[in-house]
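Peer 1: My structure is stored as structure-v8.cif, with mmCIF, C-alpha atoms and all ligand atoms.
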data_my_file
#
loop_
_atom_site.group_PDB
_atom_site.id
_atom_site.type_symbol
_atom_site.label_atom_id
_atom_site.label_comp_id
_atom_site.auth_asym_id
_atom_site.auth_seq_id
_atom_site.Cartn_x
_atom_site.Cartn_y
_atom_site.Cartn_z
ATOM 1 C CA MET A 57 -96.206 -104.174 172.288
ATOM 2 C CA GLN A 58 -97.088 -100.559 171.532
ATOM 3 C CA THR A 59 -94.208 -98.195 172.206
ATOM 4 C CA PRO A 60 -94.075 -94.374 172.038
ATOM 5 C CA GLU A 61 -92.180 -92.297 169.509
ATOM 6 C CA THR A 62 -88.615 -91.561 170.444
ATOM 7 C CA HIS A 63 -85.217 -90.415 169.221
ATOM 8 C CA GLY A 64 -82.063 -92.497 169.421
ATOM 9 C CA SER A 65 -78.388 -91.973 168.798
ATOM 10 C CA CYS A 66 -74.946 -93.493 168.739
ATOM 11 C CA GLN A 67 -72.562 -92.308 171.433
ATOM 12 C CA CYS A 68 -71.112 -89.391 169.429
ATOM 13 C CA GLY A 69 -74.377 -88.269 167.799
ATOM 14 C CA ALA A 70 -73.165 -88.564 164.168
ATOM 15 C CA VAL A 71 -75.848 -91.210 163.497
ATOM 16 C CA ARG A 72 -79.303 -90.607 164.949
ATOM 17 C CA PHE A 73 -82.796 -91.880 164.277
ATOM 18 C CA HIS A 74 -86.407 -91.071 164.941
ATOM 19 C CA LEU A 75 -88.672 -93.995 165.788
ATOM 20 C CA LYS A 76 -92.411 -93.540 165.292
ATOM 21 C CA ALA A 77 -94.876 -94.801 167.846
ATOM 22 C CA GLY A 78 -96.156 -98.253 166.974
ATOM 23 C CA GLU A 79 -95.841 -101.994 167.358
ATOM 24 C CA THR A 80 -92.400 -103.198 168.439
ATOM 25 C CA LYS A 81 -90.991 -106.333 170.020
ATOM 26 C CA ALA A 82 -87.977 -106.574 172.293
ATOM 27 C CA ASN A 83 -85.711 -109.538 172.858
ATOM 28 C CA VAL A 84 -82.273 -110.395 174.160
ATOM 29 C CA CYS A 85 -79.904 -112.423 171.992
ATOM 30 C CA HIS A 86 -76.978 -114.358 173.465
ATOM 31 C CA CYS A 87 -75.736 -115.896 170.195
ATOM 32 C CA ARG A 88 -72.028 -115.650 169.320
ATOM 33 C CA MET A 89 -72.771 -113.313 166.404
ATOM 34 C CA CYS A 90 -74.543 -110.833 168.678
ATOM 35 C CA GLN A 91 -71.917 -111.182 171.412
ATOM 36 C CA ARG A 92 -69.128 -110.189 169.058
ATOM 37 C CA ALA A 93 -71.152 -107.537 167.200
ATOM 38 C CA ALA A 94 -72.073 -105.918 170.517
ATOM 39 C CA GLY A 95 -68.652 -106.480 172.078
ATOM 40 C CA ASN A 96 -70.639 -107.661 175.049
ATOM 41 C CA ALA A 97 -72.290 -110.669 176.657
ATOM 42 C CA PHE A 98 -75.513 -110.235 174.671
ATOM 43 C CA ALA A 99 -77.428 -107.878 172.420
ATOM 44 C CA SER A 100 -80.730 -106.411 173.577
ATOM 45 C CA LEU A 101 -82.772 -105.538 170.513
ATOM 46 C CA LEU A 102 -85.974 -103.672 169.648
ATOM 47 C CA MET A 103 -87.603 -105.033 166.493
ATOM 48 C CA CYS A 104 -89.538 -102.468 164.493
ATOM 49 C CA ASP A 105 -90.863 -101.961 160.995
ATOM 50 C CA ASP A 106 -88.421 -100.099 158.727
ATOM 51 C CA ALA A 107 -91.200 -97.601 157.930
ATOM 52 C CA MET A 108 -91.154 -96.504 161.593
ATOM 53 C CA LEU A 109 -87.522 -95.366 161.329
ATOM 54 C CA THR A 110 -86.010 -92.186 159.904
ATOM 55 C CA TRP A 111 -82.211 -92.020 159.958
ATOM 56 C CA TYR A 112 -80.094 -88.866 160.256
ATOM 57 C CA GLY A 113 -76.489 -89.504 159.318
ATOM 58 C CA THR A 114 -75.480 -92.678 157.539
ATOM 59 C CA PRO A 115 -74.756 -95.799 159.537
ATOM 60 C CA SER A 116 -71.838 -97.939 158.388
ATOM 61 C CA VAL A 117 -72.796 -101.545 157.744
ATOM 62 C CA PHE A 118 -71.083 -104.905 157.994
ATOM 63 C CA ALA A 119 -72.547 -107.959 156.224
ATOM 64 C CA SER A 120 -72.226 -110.259 159.210
ATOM 65 C CA SER A 121 -73.693 -113.216 157.292
ATOM 66 C CA SER A 122 -75.246 -114.014 153.929
ATOM 67 C CA ILE A 123 -78.676 -113.181 155.335
ATOM 68 C CA ALA A 124 -78.111 -110.081 157.450
ATOM 69 C CA HIS A 125 -76.078 -106.996 158.111
ATOM 70 C CA ARG A 126 -75.315 -104.925 161.171
ATOM 71 C CA GLY A 127 -75.199 -101.166 161.363
ATOM 72 C CA PHE A 128 -72.862 -99.083 163.473
ATOM 73 C CA CYS A 129 -71.535 -95.543 163.695
ATOM 74 C CA GLY A 130 -68.378 -95.292 161.593
ATOM 75 C CA ARG A 131 -67.160 -92.406 163.768
ATOM 76 C CA CYS A 132 -67.550 -93.678 167.322
ATOM 77 C CA GLY A 133 -68.153 -97.383 166.668
ATOM 78 C CA THR A 134 -71.447 -97.751 168.530
ATOM 79 C CA PRO A 135 -73.314 -100.881 167.366
ATOM 80 C CA MET A 136 -76.762 -99.630 166.295
ATOM 81 C CA PHE A 137 -78.846 -102.319 164.589
ATOM 82 C CA TYR A 138 -79.229 -105.790 163.143
ATOM 83 C CA ARG A 139 -81.234 -106.234 159.956
ATOM 84 C CA GLN A 140 -82.023 -109.490 158.207
ATOM 85 C CA HIS A 141 -82.458 -109.023 154.451
ATOM 86 C CA GLY A 142 -86.064 -108.115 153.785
ATOM 87 C CA GLY A 143 -86.800 -108.206 157.479
ATOM 88 C CA PRO A 144 -87.489 -105.595 160.121
ATOM 89 C CA THR A 145 -84.745 -103.564 161.783
ATOM 90 C CA GLU A 146 -83.668 -104.506 165.274
ATOM 91 C CA ILE A 147 -82.303 -101.513 167.159
ATOM 92 C CA MET A 148 -79.630 -102.043 169.806
ATOM 93 C CA SER A 149 -81.369 -100.934 172.978
ATOM 94 C CA GLY A 150 -78.405 -98.899 174.241
ATOM 95 C CA CYS A 151 -79.135 -96.369 171.474
ATOM 96 C CA LEU A 152 -82.598 -95.717 172.913
ATOM 97 C CA PRO A 153 -83.105 -93.059 175.590
ATOM 98 C CA PRO A 154 -83.105 -94.237 179.218
ATOM 99 C CA ASP A 155 -86.838 -93.557 179.659
ATOM 100 C CA PHE A 156 -87.875 -95.744 176.697
ATOM 101 C CA PRO A 157 -90.096 -98.637 177.900
ATOM 102 C CA PHE A 158 -87.832 -101.454 176.680
ATOM 103 C CA GLN A 159 -89.432 -104.718 177.833
ATOM 104 C CA PRO A 160 -87.711 -107.816 176.434
ATOM 105 C CA VAL A 161 -89.961 -110.854 176.232
ATOM 106 C CA ARG A 162 -87.540 -113.595 175.182
ATOM 107 C CA ASN A 163 -83.938 -114.855 175.369
ATOM 108 C CA ASP A 164 -82.584 -116.055 172.012
ATOM 109 C CA GLY A 165 -79.313 -117.848 171.208
ATOM 110 C CA ILE A 166 -79.229 -119.454 174.655
ATOM 111 C CA GLU A 167 -76.727 -122.137 173.574
ATOM 112 C CA SER A 168 -73.946 -119.559 174.024
ATOM 113 C CA ARG A 169 -75.388 -117.592 176.966
ATOM 114 C CA HIS A 170 -72.712 -116.890 179.574
ATOM 115 C CA ALA A 171 -73.558 -118.512 182.911
ATOM 116 C CA TRP A 172 -72.729 -115.328 184.845
ATOM 117 C CA VAL A 173 -75.478 -113.406 183.022
ATOM 118 C CA ASN A 174 -78.049 -115.230 185.145
ATOM 119 C CA ARG A 175 -76.391 -113.832 188.293
ATOM 120 C CA ILE A 176 -76.295 -110.117 187.336
ATOM 121 C CA ALA A 177 -79.094 -109.178 189.721
ATOM 122 C CA ASP A 178 -77.197 -110.868 192.584
ATOM 123 C CA LEU A 179 -74.019 -108.790 192.124
ATOM 124 C CA PRO A 180 -73.406 -105.884 194.534
ATOM 125 C CA ASP A 181 -74.548 -102.502 193.125
ATOM 126 C CA SER A 182 -72.300 -99.452 192.815
ATOM 127 C CA PRO A 183 -72.990 -95.989 191.312
ATOM 128 C CA THR A 184 -70.869 -94.402 188.542
ATOM 129 C CA ARG A 185 -67.363 -93.601 189.818
ATOM 130 C CA GLU A 186 -67.044 -90.029 191.070
ATOM 131 C CA GLU A 187 -64.209 -89.030 188.694
ATOM 132 C CA LEU A 188 -66.420 -89.978 185.765
ATOM 133 C CA THR A 189 -69.179 -87.646 186.960
ATOM 134 C CA ARG A 190 -66.617 -84.774 186.788
ATOM 135 C CA ALA A 191 -65.097 -85.696 183.392
ATOM 136 C CA THR A 192 -65.897 -83.831 180.175
ATOM 137 C CA LEU A 193 -68.158 -86.169 178.246
ATOM 138 C CA HIS A 194 -67.792 -86.491 174.475
ATOM 139 C CA GLN A 195 -71.144 -88.225 174.326
ATOM 140 C CA ALA A 196 -74.098 -86.686 172.483
ATOM 141 C CA PRO A 197 -76.760 -85.431 174.916
ATOM 142 C CA GLU A 198 -79.931 -87.519 175.397
ATOM 143 C CA ARG A 199 -82.898 -86.355 173.408
ATOM 144 C CA SER A 200 -86.441 -87.653 173.763
HETATM 145 ZN ZN ZN B 301 -71.206 -92.072 166.646
HETATM 146 ZN ZN ZN B 302 -77.949 -113.053 167.989
#
Represent the structure from my file as structure tokens, please.
Ligand SMILES: [Zn+2]
Ligand SMILES: [Zn+2]
Peer 2:
Amino acid sequence: MQTPETHGSCQCGAVRFHLKAGETKANVCHCRMCQRAAGNAFASLLMCDDAMLTWYGTPSVFASSSIAHRGFCGRCGTPMFYRQHGGPTEIMSGCLPPDFPFQPVRNDGIESRHAWVNRIADLPDSPTREELTRATLHQAPERS
């Protein structure tokens, strides 16, 4: 799909990127590699051409397999991307601003998908705890 230009960041702001407007594709991956790399139940990823990305700050990388590496902020630890050698970059969607039109079209790695993931929408909703809204945040501000 066509998505607009945007800026993204790790949690602390030491590693940021600009993404040009253009053709992107979003998916969710439940494979064990993505679960551990994200420290979460799944990774939600935006695939884009490398030429669409300009990085500010240098992401740390881990060669997670012989065919790919994963980028993260070496300061705050935020997982930021997956990149297969010679392939496009897949940005972890949490690094995108909240107004970015992220529209995943496929579930990958379903052999290890946690059963509870299918029930997320059925769980009771609750806003951010009040003490957190009063805390001093060490998170880089959103920028779009
Ligand atoms: Zn950071
Ligand atoms: Zn995966």
Peer 1: If you apply the PyMOL selection byres (((not hetatm)) within 10 of (chain B and resi 301)) to this file, what residues do you get, as a list in words?
Peer 2: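 That selection, the PyMOL selection byres (((not hetatm)) within 10 of (chain B and resi 301)), comes back as Ser65, Cys66, Gln67, Cys68, Gly69, Ala70, Val71, Arg72, Gly113, Pro115, Phe128, Cys129, Gly130, Arg131, Cys132, Gly133, Thr134, Pro135, Met136, Gln195 and Ala196 of chain A.
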Peer 1: Excluding Ala82 in chain A and any residue of its chain fewer than 4 positions from it, enumerate the residues within 8 Å of it, using all atoms listed in the file, and give them as an MDAnalysis selection string.
Peer 2: chainID A and resid 100:103 158:162
Peer 1: Distance table requested - chain A against ligand ZN 302 (chain B), cut-off 7 Å, all atoms listed in the file: one row per qualifying residue with the closest atom pair and its distance in Å to one decimal, ordered by chain and rising residue number, as JSON lines.
Peer 2:
{"residue": "A:Cys85", "atom": "CA", "partner": "B:ZN302", "partner_atom": "ZN", "distance": 4.5}
{"residue": "A:His86", "atom": "CA", "partner": "B:ZN302", "partner_atom": "ZN", "distance": 5.7}
{"residue": "A:Cys87", "atom": "CA", "partner": "B:ZN302", "partner_atom": "ZN", "distance": 4.2}
{"residue": "A:Arg88", "atom": "CA", "partner": "B:ZN302", "partner_atom": "ZN", "distance": 6.6}
{"residue": "A:Met89", "atom": "CA", "partner": "B:ZN302", "partner_atom": "ZN", "distance": 5.4}
{"residue": "A:Cys90", "atom": "CA", "partner": "B:ZN302", "partner_atom": "ZN", "distance": 4.1}
{"residue": "A:Ala99", "atom": "CA", "partner": "B:ZN302", "partner_atom": "ZN", "distance": 6.8}
{"residue": "A:Asp164", "atom": "CA", "partner": "B:ZN302", "partner_atom": "ZN", "distance": 6.8}
{"residue": "A:Gly165", "atom": "CA", "partner": "B:ZN302", "partner_atom": "ZN", "distance": 5.9}
Peer 1: To one decimal place, how far is CA of His63 in chain A from CA of Glu198 in chain A in Å?
Peer 2: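 That distance, rounded to one decimal, is 8.6 Å.
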Peer 1: Mind giving me the straight-line distance from CA of Phe73 in chain A to CA of Ala191 in chain A in Å, one decimal?
Peer 2: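 Distance reported for this atom pair: 26.8 Å.
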Peer 1: Select, from A:Ala119, A:Phe156, A:Gly78, A:Arg169, the residue with the minimum atom-to-atom distance to Gln140 in chain A, counting all atoms listed in the file.
Peer 2: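 Between A:Ala119, A:Phe156, A:Gly78, A:Arg169, the residue approaching Gln140 in chain A most closely is A:Ala119.
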Peer 1: Which residue gives the smallest distance to Trp172 in chain A among A:Leu193, A:Met108, A:Leu152, A:Ala97, with all atoms listed in the file counted?
Peer 2: A:Ala97
Peer 1: Using CA of Leu75 in chain A and CA of Trp111 in chain A as the two end points, give the distance in Å to one decimal.
Peer 2: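 About the pair CA of Leu75 in chain A and CA of Trp111 in chain A: they are 8.9 Å apart.
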Peer 1: Taking into account all atoms listed in the file, which residue in the set A:Thr184, A:Lys76, A:Arg126, A:Gly95 is nearest to Gly64 in chain A?
Peer 2: A:Lys76
Peer 1: Which residue out of A:Met57, A:Gly142, A:Leu188, A:Ile147 has the minimum interatomic distance to Ala94 in chain A when all atoms listed in the file are used?
Peer 2: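 Checking each of A:Met57, A:Gly142, A:Leu188, A:Ile147 against Ala94 in chain A, counting all atoms listed in the file, the winner is A:Ile147.
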Peer 1: Pick the closest to Gln58 in chain A from A:Arg185, A:Lys81, A:His125, A:Arg175: which is it, counting all atoms listed in the file?
Peer 2: A:Lys81
Peer 1: Could you tell me which of A:Val84, A:Met148, A:Cys104, A:Ala177 comes closest to Thr59 in chain A if we count only C-alpha atoms?
Peer 2: A:Cys104
